[in-house]
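A.B. asks: Have a look at this one.
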Amino acid sequence: MAERPIVATYSIVACDLEAEQWGVSVQSKFLSVGSVVPWAEPHVGAIATQAYANPRYGPNGLELLRQGLSAQEIVDRLTSEDDGRDHRQLGIVDGRGDAATYTGTGCHDWAGGRTGPCFAAQGNILVSAATVDALAETFEATAGKPLAKRLLDCLAAAQAAGGDKRGRQSAAVLVHHVQDYPYLSLRVDEHAYPVAELRRVFEVARCQLMPFIDGMPTREDPIGKLPKSIADMLMVPPPFRPGGGGSGL
């Protein structure tokens with residue numbers, strides 16, 4: 001088989017069963033990594049598809065999760081049916097918190113993954129295994145914090161441990177809660193310091209976006225309950241809102 005392009009990426013897929021949240025965080029030396037790698041669905045699971053990514057792993061994997069297959073069963077199914085499996089990397093956590101990771105033999109060094117309760121961490125074209133170790137160890141060490149914060153802390157620790165051999169370009173975090181729409185979906189598509197920028201945007205979102213999402217319509221409440229304080233805050237120009245952000249233009 002001819003050599004295929006490999007996109008260097010490291011990610012962690014994880015869940016907080018008590019909070020009923022499933023999510024993915026990812027950084028890459030690839031434009032708009034958040035448009036390809038992360039997939040999630042509440043009470044179903046989360047998936048990261050990377051390296052020479054097969055984007056069909058996302059929707060196909062979620063469908064298999066809905067059918068009740070385990071994370072490992074889905075990794076086995078998806079890769080066995082894919083002639084390009086040697087160039088793929090995949091991480092899955094299912095609705096029960098079981099996890100699996102896969103690294104094809106054609107992924108460039110350093111490449112590999114680790115799993116534990118409620119997480120799968122993986123990466124390719126990394127400086128060393130320390131990047132994936134940092135993802136795993138940070139997730140384990142931050143138990144009790146909100147899932148989105150843990151996922152962002154994992155990216156920062158992984159970058160500090162070495163990260164991608166070629167540098168950095170984009171990053172993303174995706175978290176699903178109990179509704180069909182994302183609870184948090186943030187992307188930095190092109191930036192010299194994407195994780196730092198993603199963490200900055202998260203602090204703005206924590207003050208401005210997440211309270212709004214908490215008041216959005218749901219299956220149980222199709223009208224929604226947006227607090228007046230949030231509605232009033234959104235009438236203020238962005239630089240003057242809690243958390244700042246925006247140019248006000």
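Chain labels follow the order of the structure tokens: the first chain is A, the next B, and so on; residue numbering restarts at 1 in every chain, and ligands are counted from 1 in their shown order.
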Please identify every residue of segment 20-97 of chain A that has at least one atom no farther than 9 Å from an atom of segment 159-175 of chain A, counting only C-alpha atoms, and for each give the shortest atom pair and the distance in Å to one decimal, arranged by chain then increasing number, as JSON lines.

C.D. replies:
```
{"residue": "A:Gln21", "atom": "CA", "partner": "A:Val175", "partner_atom": "CA", "distance": 6.6}
{"residue": "A:Trp22", "atom": "CA", "partner": "A:Val175", "partner_atom": "CA", "distance": 5.7}
{"residue": "A:Gly23", "atom": "CA", "partner": "A:Val175", "partner_atom": "CA", "distance": 4.1}
{"residue": "A:Val24", "atom": "CA", "partner": "A:Leu174", "partner_atom": "CA", "distance": 5.3}
{"residue": "A:Ser25", "atom": "CA", "partner": "A:Val173", "partner_atom": "CA", "distance": 4.3}
{"residue": "A:Val26", "atom": "CA", "partner": "A:Ala172", "partner_atom": "CA", "distance": 5.5}
{"residue": "A:Gln27", "atom": "CA", "partner": "A:Ala171", "partner_atom": "CA", "distance": 4.2}
{"residue": "A:Ser28", "atom": "CA", "partner": "A:Ser170", "partner_atom": "CA", "distance": 5.6}
{"residue": "A:Lys29", "atom": "CA", "partner": "A:Arg168", "partner_atom": "CA", "distance": 4.4}
{"residue": "A:Phe30", "atom": "CA", "partner": "A:Gln169", "partner_atom": "CA", "distance": 5.8}
{"residue": "A:Leu31", "atom": "CA", "partner": "A:Ser170", "partner_atom": "CA", "distance": 5.8}
{"residue": "A:Ser32", "atom": "CA", "partner": "A:Ser170", "partner_atom": "CA", "distance": 5.7}
{"residue": "A:Val33", "atom": "CA", "partner": "A:Ser170", "partner_atom": "CA", "distance": 5.9}
{"residue": "A:Gly34", "atom": "CA", "partner": "A:Ala172", "partner_atom": "CA", "distance": 5.0}
{"residue": "A:Ser35", "atom": "CA", "partner": "A:Ala172", "partner_atom": "CA", "distance": 8.7}
{"residue": "A:Pro38", "atom": "CA", "partner": "A:Leu174", "partner_atom": "CA", "distance": 6.8}
{"residue": "A:Trp39", "atom": "CA", "partner": "A:Leu174", "partner_atom": "CA", "distance": 7.6}
{"residue": "A:Ala40", "atom": "CA", "partner": "A:Val175", "partner_atom": "CA", "distance": 7.2}
{"residue": "A:Glu41", "atom": "CA", "partner": "A:Val175", "partner_atom": "CA", "distance": 8.5}
{"residue": "A:Pro42", "atom": "CA", "partner": "A:Val175", "partner_atom": "CA", "distance": 8.8}
{"residue": "A:Ala46", "atom": "CA", "partner": "A:Val175", "partner_atom": "CA", "distance": 8.9}
```

A.B. asks: Which neighbours of segment 47-54 of chain A fall inside 7 Å, counting only C-alpha atoms, when residues of the same chain fewer than 4 positions from it are skipped, and could you give them as JSON, numbers by chain?

C.D. replies: {"A": [5, 6, 7, 8, 9, 13, 24, 37, 38, 39, 40, 58, 87, 88, 89, 90, 91, 92, 93, 107, 124]}

A.B. asks: With distances taken over only C-alpha atoms, which residue among A:Lys149, A:Leu62, A:Ser128, A:Tyr183 lies nearest Glu20 of chain A?

C.D. replies: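 Going through A:Lys149, A:Leu62, A:Ser128, A:Tyr183 one by one, the smallest distance to Glu20 of chain A is for A:Tyr183.
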
A.B. asks: I'd like to know which of A:His191, A:Tyr10, A:Pro237, A:Leu17 is closest to Gly113 of chain A, using only C-alpha atoms.

C.D. replies: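 Looking only at the distances to Gly113 of chain A, the closest residue turns out to be A:Tyr10.
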
A.B. asks: Between atom CA of Gly84 of chain A and atom CA of Val127 of chain A, what is the distance in Å, rounded to a tenth?

C.D. replies: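 Separation of atom CA of Gly84 of chain A and atom CA of Val127 of chain A: 24.3 Å.
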
A.B. asks: I'd like the contact shell of Leu78 of chain A - 9 Å cut-off, only C-alpha atoms, skipping same-chain residues fewer than 5 positions apart - returned as an MDAnalysis selection string.

C.D. replies: chainID A and resid 57 60:61 73 85

A.B. asks: Extract, using only C-alpha atoms, all DNA, RNA and protein residues at most 8 Å from segment 198-215 of chain A, discarding same-chain residues fewer than 2 positions from it, and format them as a list of chain:residue names.

C.D. replies: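 Selected residues are A:Leu152, A:Ala171, A:Ala172, A:Tyr183, A:Leu184, A:Leu186, A:Arg187, A:Val188, A:Pro194, A:Val195, A:Ala196, A:Pro217, A:Gly224, A:Lys225, A:Leu226, A:Pro227, A:Ile230, A:Met233, A:Leu234, A:Arg241, A:Pro242, A:Gly243, A:Gly244, A:Gly245.
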
A.B. asks: Selected residues, C-alpha atoms, written as an mmCIF file, in the first residue's frame, please.

C.D. replies:
```cif
data_model
loop_
_atom_site.group_PDB
_atom_site.id
_atom_site.type_symbol
_atom_site.label_atom_id
_atom_site.label_comp_id
_atom_site.auth_asym_id
_atom_site.auth_seq_id
_atom_site.Cartn_x
_atom_site.Cartn_y
_atom_site.Cartn_z
ATOM 1 C CA LEU A 152 -8.874 21.237 28.835
ATOM 2 C CA ALA A 171 -7.725 22.514 19.209
ATOM 3 C CA ALA A 172 -11.275 21.728 20.261
ATOM 4 C CA TYR A 183 -23.591 21.246 26.164
ATOM 5 C CA LEU A 184 -20.263 22.760 25.093
ATOM 6 C CA LEU A 186 -15.631 25.164 21.287
ATOM 7 C CA ARG A 187 -13.049 25.225 18.491
ATOM 8 C CA VAL A 188 -9.872 27.144 17.765
ATOM 9 C CA PRO A 194 -4.467 26.839 20.255
ATOM 10 C CA VAL A 195 -4.789 25.250 23.697
ATOM 11 C CA ALA A 196 -4.119 28.527 25.488
ATOM 12 C CA PRO A 217 -35.432 24.590 25.428
ATOM 13 C CA GLY A 224 -36.947 27.010 28.133
ATOM 14 C CA LYS A 225 -36.220 29.093 31.197
ATOM 15 C CA LEU A 226 -33.662 31.738 30.307
ATOM 16 C CA PRO A 227 -32.983 33.832 33.438
ATOM 17 C CA ILE A 230 -28.636 36.168 31.268
ATOM 18 C CA MET A 233 -26.209 40.276 29.961
ATOM 19 C CA LEU A 234 -26.487 39.320 26.278
ATOM 20 C CA ARG A 241 -19.997 41.153 29.733
ATOM 21 C CA PRO A 242 -18.741 38.874 32.523
ATOM 22 C CA GLY A 243 -15.628 37.149 31.247
ATOM 23 C CA GLY A 244 -15.016 39.760 28.563
ATOM 24 C CA GLY A 245 -14.318 38.624 25.029
#
```

A.B. asks: From a DSSP pass on the backbone, collect the residues of segment 1-217 of chain A flagged as strand (DSSP E) and hand them back as a PyMOL selection string.

C.D. replies: chain A and resi 9-16+21-28+38-41+45-51+88-94+99-103+112-116+119-124+170-176+182-188

A.B. asks: Rounded to one decimal in Å, what is the spacing between atom CA of Ala71 of chain A and atom CA of Glu220 of chain A?

C.D. replies: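 One can read the atom CA of Ala71 of chain A to atom CA of Glu220 of chain A distance as 29.6 Å.
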
A.B. asks: So, with only C-alpha atoms as the atoms that count, which of A:Pro239, A:Ile12, A:Thr218, A:Glu190 lies closest to Cys154 of chain A?

C.D. replies: A:Ile12

A.B. asks: Report as a VMD selection string: the residues of segment 7-237 of chain A with a DSSP assignment of helix (DSSP H, G or I), based on the backbone of this structure.

C.D. replies: chain A and resid 33 to 35 57 to 66 71 to 80 85 to 87 130 to 141 147 to 160 194 to 214 228 to 233

A.B. asks: For the selection you just gave me, I'd like the residues written to a file as a PDB file, in the first residue's frame, keeping C-alpha atoms.

C.D. replies:
```pdb
ATOM      1  CA  VAL A  33      -9.196  19.522  13.967  1.00  0.00           C
ATOM      2  CA  GLY A  34     -12.512  20.007  15.749  1.00  0.00           C
ATOM      3  CA  SER A  35     -14.378  19.524  12.471  1.00  0.00           C
ATOM      4  CA  TYR A  57     -15.891   6.117  12.431  1.00  0.00           C
ATOM      5  CA  GLY A  58     -17.801   8.938  14.136  1.00  0.00           C
ATOM      6  CA  PRO A  59     -21.405   8.360  13.017  1.00  0.00           C
ATOM      7  CA  ASN A  60     -20.917   4.618  12.497  1.00  0.00           C
ATOM      8  CA  GLY A  61     -19.370   4.232  15.925  1.00  0.00           C
ATOM      9  CA  LEU A  62     -22.177   6.157  17.628  1.00  0.00           C
ATOM     10  CA  GLU A  63     -24.738   3.956  15.891  1.00  0.00           C
ATOM     11  CA  LEU A  64     -22.995   0.840  17.194  1.00  0.00           C
ATOM     12  CA  LEU A  65     -22.877   2.378  20.677  1.00  0.00           C
ATOM     13  CA  ARG A  66     -26.639   2.939  20.503  1.00  0.00           C
ATOM     14  CA  ALA A  71     -16.123   0.288  23.246  1.00  0.00           C
ATOM     15  CA  GLN A  72     -13.733  -2.575  22.463  1.00  0.00           C
ATOM     16  CA  GLU A  73     -16.283  -4.388  20.310  1.00  0.00           C
ATOM     17  CA  ILE A  74     -16.770  -1.226  18.257  1.00  0.00           C
ATOM     18  CA  VAL A  75     -13.043  -0.638  17.811  1.00  0.00           C
ATOM     19  CA  ASP A  76     -12.730  -4.228  16.607  1.00  0.00           C
ATOM     20  CA  ARG A  77     -15.715  -3.902  14.265  1.00  0.00           C
ATOM     21  CA  LEU A  78     -14.743  -0.576  12.715  1.00  0.00           C
ATOM     22  CA  THR A  79     -11.091  -1.451  12.138  1.00  0.00           C
ATOM     23  CA  SER A  80     -11.743  -4.982  10.863  1.00  0.00           C
ATOM     24  CA  ARG A  85      -6.894   0.428   9.422  1.00  0.00           C
ATOM     25  CA  ASP A  86      -3.092   0.539   9.577  1.00  0.00           C
ATOM     26  CA  HIS A  87      -3.234   4.315   9.214  1.00  0.00           C
ATOM     27  CA  ALA A 130       4.943  11.366  27.811  1.00  0.00           C
ATOM     28  CA  THR A 131       2.231  13.281  25.928  1.00  0.00           C
ATOM     29  CA  VAL A 132      -0.294  10.462  26.213  1.00  0.00           C
ATOM     30  CA  ASP A 133       0.821   9.739  29.772  1.00  0.00           C
ATOM     31  CA  ALA A 134       0.080  13.373  30.633  1.00  0.00           C
ATOM     32  CA  LEU A 135      -3.415  13.099  29.163  1.00  0.00           C
ATOM     33  CA  ALA A 136      -4.167   9.993  31.215  1.00  0.00           C
ATOM     34  CA  GLU A 137      -2.554  11.100  34.456  1.00  0.00           C
ATOM     35  CA  THR A 138      -4.142  14.549  34.380  1.00  0.00           C
ATOM     36  CA  PHE A 139      -7.586  13.079  33.808  1.00  0.00           C
ATOM     37  CA  GLU A 140      -7.137  10.729  36.740  1.00  0.00           C
ATOM     38  CA  ALA A 141      -5.763  13.494  38.967  1.00  0.00           C
ATOM     39  CA  LEU A 147     -15.609  17.317  32.681  1.00  0.00           C
ATOM     40  CA  ALA A 148     -14.949  20.247  30.326  1.00  0.00           C
ATOM     41  CA  LYS A 149     -12.339  21.668  32.705  1.00  0.00           C
ATOM     42  CA  ARG A 150     -10.673  18.265  33.043  1.00  0.00           C
ATOM     43  CA  LEU A 151     -10.504  17.834  29.271  1.00  0.00           C
ATOM     44  CA  LEU A 152      -8.874  21.237  28.835  1.00  0.00           C
ATOM     45  CA  ASP A 153      -6.424  20.568  31.658  1.00  0.00           C
ATOM     46  CA  CYS A 154      -5.480  17.324  29.894  1.00  0.00           C
ATOM     47  CA  LEU A 155      -4.620  19.169  26.675  1.00  0.00           C
ATOM     48  CA  ALA A 156      -2.496  21.723  28.500  1.00  0.00           C
ATOM     49  CA  ALA A 157      -0.580  19.013  30.361  1.00  0.00           C
ATOM     50  CA  ALA A 158      -0.027  17.038  27.167  1.00  0.00           C
ATOM     51  CA  GLN A 159       1.366  20.086  25.384  1.00  0.00           C
ATOM     52  CA  ALA A 160       3.689  20.798  28.306  1.00  0.00           C
ATOM     53  CA  PRO A 194      -4.467  26.839  20.255  1.00  0.00           C
ATOM     54  CA  VAL A 195      -4.789  25.250  23.697  1.00  0.00           C
ATOM     55  CA  ALA A 196      -4.119  28.527  25.488  1.00  0.00           C
ATOM     56  CA  GLU A 197      -6.646  30.252  23.234  1.00  0.00           C
ATOM     57  CA  LEU A 198      -9.176  27.470  23.767  1.00  0.00           C
ATOM     58  CA  ARG A 199      -8.822  27.828  27.535  1.00  0.00           C
ATOM     59  CA  ARG A 200      -9.332  31.605  27.220  1.00  0.00           C
ATOM     60  CA  VAL A 201     -12.492  31.106  25.159  1.00  0.00           C
ATOM     61  CA  PHE A 202     -13.718  28.534  27.673  1.00  0.00           C
ATOM     62  CA  GLU A 203     -13.516  31.115  30.472  1.00  0.00           C
ATOM     63  CA  VAL A 204     -15.668  33.453  28.378  1.00  0.00           C
ATOM     64  CA  ALA A 205     -18.075  30.603  27.598  1.00  0.00           C
ATOM     65  CA  ARG A 206     -18.288  29.659  31.265  1.00  0.00           C
ATOM     66  CA  CYS A 207     -19.662  33.135  32.027  1.00  0.00           C
ATOM     67  CA  GLN A 208     -21.703  33.805  28.899  1.00  0.00           C
ATOM     68  CA  LEU A 209     -22.518  30.660  26.918  1.00  0.00           C
ATOM     69  CA  MET A 210     -23.036  27.906  29.457  1.00  0.00           C
ATOM     70  CA  PRO A 211     -25.634  29.825  31.547  1.00  0.00           C
ATOM     71  CA  PHE A 212     -27.485  30.477  28.276  1.00  0.00           C
ATOM     72  CA  ILE A 213     -27.395  26.770  27.349  1.00  0.00           C
ATOM     73  CA  ASP A 214     -28.723  25.892  30.794  1.00  0.00           C
ATOM     74  CA  LYS A 228     -33.563  37.557  32.992  1.00  0.00           C
ATOM     75  CA  SER A 229     -30.013  38.194  34.188  1.00  0.00           C
ATOM     76  CA  ILE A 230     -28.636  36.168  31.268  1.00  0.00           C
ATOM     77  CA  ALA A 231     -30.944  37.845  28.748  1.00  0.00           C
ATOM     78  CA  ASP A 232     -29.888  41.252  30.068  1.00  0.00           C
ATOM     79  CA  MET A 233     -26.209  40.276  29.961  1.00  0.00           C
TER      80      MET A 233
END
```

A.B. asks: Pick from A:Gly68, A:Ala120, A:Asp82, A:Gly104: nearest to Ala14 of chain A, with only C-alpha atoms counted?

C.D. replies: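 Using only C-alpha atoms, Ala14 of chain A sits closest to A:Ala120.
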